[in-house]
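Just below is one structure, and these are the notes that go with it.
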Amino acid sequence: MKQSKEVLGKPIISILAGKEIGKVKNFVINPDMRSIEFMVVQNDQWDFGIKAIPFKLVEGLGDYAVTIESENAVIDLADIPIANELLSKNIQIKGSRIISRKGQHFGQITEYYFDPETGKILGCVLDTPDAISVLPETAVITFGKEITVISDEGENPLVSDEAFRSGKADEQPAEALDAPVSSPEPAPSSSSDGLDLEELIGKTLSANLYDPSGELFAEEGTVITAEIVNQAKAMGSNKALELALKVAE
């Protein structure tokens, strides 16, 4: 299994071309299938649209790079109906609060594990007061934009990170784990569909940004202002996500 941070930012290599075609910018999550559906590609030479690779076309996730057979694996998400639907749902998992069916608060997800062969989400990592704990995917009812809802069946569903990674999660007694936390609710963010766009103000665009009609409204190298953020919000969640993806590192 891998954590998302082990893959994000890695170069993407075309096996047939023998060259790097970009880097892994982000993941598009399918909450119904509970898996990574697409891997978003960052390439500063691509100006229009969001390019991505269906996870099923990924050949390997190595320590150094992600490999694909050829550049033909790269698609424009605008051409794929399910991709547009998933982009509008904008499920990030990280940053989501864990709430039980009966309203108990367990904490906030900081990372997640997934199967490198299938993209299936395996467990969600959260920092509890005393240790890093993992919520197994089997305890999840719903992956939402802001809240991950879990079942109330059984005891505390959280297991230690060590037990989860070793495959001994079922052997660990729930009594050894921390009780649900009652940490204060995070302050509401002025975000668009879960994206904290205000945090982008003052940063620089890594590529041109176009409006839905194809007209350029922000050039590569432009410093992002509140006006640009508001324009992107007005164009919808897809454009807001595109703005977030086109910020220079």
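Convention: chains lettered A, B, ... in structure tokens order; per-chain residue numbering from 1; ligands numbered from 1 as shown.
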Each residue of segment 76-112 of chain A lying at most 12 Å from segment 137-150 of chain A should get a row with its shortest atom-to-atom pair and the distance in Å to one decimal, counting only C-alpha atoms; could you produce that, ordered by chain and increasing number, as a Markdown table?
```
| residue | atom | partner | partner_atom | distance |
| --- | --- | --- | --- | --- |
| A:Leu86 | CA | A:Lys145 | CA | 11.1 |
| A:Leu87 | CA | A:Lys145 | CA | 11.1 |
| A:Ser88 | CA | A:Lys145 | CA | 10.1 |
| A:Lys89 | CA | A:Lys145 | CA | 7.0 |
| A:Asn90 | CA | A:Lys145 | CA | 6.4 |
| A:Ile91 | CA | A:Lys145 | CA | 4.9 |
| A:Gln92 | CA | A:Lys145 | CA | 6.8 |
| A:Ile93 | CA | A:Phe143 | CA | 7.0 |
| A:Lys94 | CA | A:Glu146 | CA | 9.2 |
| A:Gly95 | CA | A:Glu146 | CA | 7.4 |
| A:Ser96 | CA | A:Glu146 | CA | 4.8 |
| A:Arg97 | CA | A:Ile147 | CA | 4.8 |
| A:Ile98 | CA | A:Thr148 | CA | 4.8 |
| A:Ile99 | CA | A:Val149 | CA | 5.0 |
| A:Ser100 | CA | A:Ile150 | CA | 4.6 |
| A:Arg101 | CA | A:Ile150 | CA | 6.0 |
| A:Lys102 | CA | A:Ile150 | CA | 9.1 |
| A:Gly103 | CA | A:Val149 | CA | 8.9 |
| A:Gln104 | CA | A:Ile150 | CA | 9.4 |
| A:His105 | CA | A:Val149 | CA | 9.7 |
| A:Phe106 | CA | A:Ile150 | CA | 9.6 |
| A:Gly107 | CA | A:Thr148 | CA | 10.1 |
| A:Gln108 | CA | A:Ile147 | CA | 8.9 |
| A:Ile109 | CA | A:Thr148 | CA | 8.8 |
| A:Tyr112 | CA | A:Glu137 | CA | 9.6 |
```
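Excluding Leu205 of chain A and any residue on its chain fewer than 3 positions from it, the residues at most 6 Å away by only C-alpha atoms are Glu220, Gly221, Thr222, Lys246, Val247 and Ala248 of chain A.
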Could you write out the selected residues, including all heavy atoms, as a CSV table (one decimal), in the first residue's frame?
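Below you can see selection_36.csv, which holds the result:
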```csv
chain,number,residue,atom,x,y,z
A,220,GLU,N,0.0,33.0,-18.0
A,220,GLU,CA,1.0,32.4,-17.2
A,220,GLU,C,2.0,33.4,-16.6
A,220,GLU,O,2.3,34.4,-17.3
A,220,GLU,CB,1.8,31.4,-18.1
A,220,GLU,CG,3.0,30.8,-17.5
A,220,GLU,CD,3.9,29.9,-18.4
A,220,GLU,OE1,3.4,29.8,-19.6
A,220,GLU,OE2,4.9,29.4,-18.0
A,221,GLY,N,2.3,33.3,-15.4
A,221,GLY,CA,3.2,34.2,-14.7
A,221,GLY,C,2.4,35.3,-14.0
A,221,GLY,O,3.0,36.1,-13.2
A,222,THR,N,1.1,35.4,-14.2
A,222,THR,CA,0.3,36.4,-13.5
A,222,THR,C,0.2,36.1,-12.0
A,222,THR,O,0.0,34.9,-11.6
A,222,THR,CB,-1.1,36.4,-14.1
A,222,THR,OG1,-1.1,36.8,-15.5
A,222,THR,CG2,-2.0,37.4,-13.3
A,246,LYS,N,-3.1,25.1,-11.4
A,246,LYS,CA,-2.2,25.8,-12.2
A,246,LYS,C,-1.4,26.8,-11.4
A,246,LYS,O,-1.0,27.8,-12.0
A,246,LYS,CB,-2.9,26.5,-13.4
A,246,LYS,CG,-3.4,25.5,-14.4
A,246,LYS,CD,-4.0,26.2,-15.7
A,246,LYS,CE,-4.3,25.2,-16.8
A,246,LYS,NZ,-4.8,25.8,-18.0
A,247,VAL,N,-1.2,26.6,-10.2
A,247,VAL,CA,-0.4,27.4,-9.3
A,247,VAL,C,1.0,26.9,-9.3
A,247,VAL,O,1.2,25.8,-9.1
A,247,VAL,CB,-1.0,27.5,-7.9
A,247,VAL,CG1,0.0,28.3,-7.0
A,247,VAL,CG2,-2.4,28.1,-7.9
A,248,ALA,N,2.0,27.8,-9.5
A,248,ALA,CA,3.4,27.4,-9.6
A,248,ALA,C,3.8,27.0,-8.2
A,248,ALA,O,3.4,27.6,-7.2
A,248,ALA,CB,4.2,28.6,-10.0
```
List the spatial neighbours of segment 201-203 of chain A as a PyMOL selection string - criterion: any atom at most 9 Å away, only C-alpha atoms, same-chain residues fewer than 4 positions off excluded. chain A and resi 197+222-226+228-229+247-249
Polymer residues at most 9 Å from segment 115-131 of chain A, only C-alpha atoms, same-chain spacing of 6 or more positions, as a list in words: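 Here the answer would be Met1, Lys2, Gln3, Met33, Arg34, Ser35, Ile36, Glu37, Phe55, Lys56, Val58, Glu59, Gly60, Leu61, Ile93, Lys94, Phe106, Gly107, Gln108, Ile109, Glu137, Thr138, Ser160, Asp161, Phe164, Asp178, Pro180 and Val181 of chain A.
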Proximity to Val24 of chain A - best of A:Tyr113, A:Glu71, A:Leu245, A:Glu153, only C-alpha atoms: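 Smallest separation from Val24 of chain A among the options: A:Leu245.
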Nearest residue to Leu243 of chain A from the set A:Tyr64, A:Tyr210, A:Trp46, A:Phe38 (distances using only C-alpha atoms):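 Once distances to Leu243 of chain A are computed over only C-alpha atoms, the minimum belongs to A:Tyr210.
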Report the residues of segment 6-213 of chain A whose backbone DSSP state falls under alpha helix (DSSP H), written as a PyMOL selection string. chain A and resi 81-89+161-165
Rounded to one decimal place, report the atom CA of Ile29 of chain A-atom CA of Pro54 of chain A distance in Å. 11.0 Å
Mind checking DSSP for segment 26-144 of chain A and telling me the strand (DSSP E) residues as a PyMOL selection string? chain A and resi 26-30+35-42+51-54+58-61+66-68+75-76+97-100+105-114+121-127+132-136+140-143
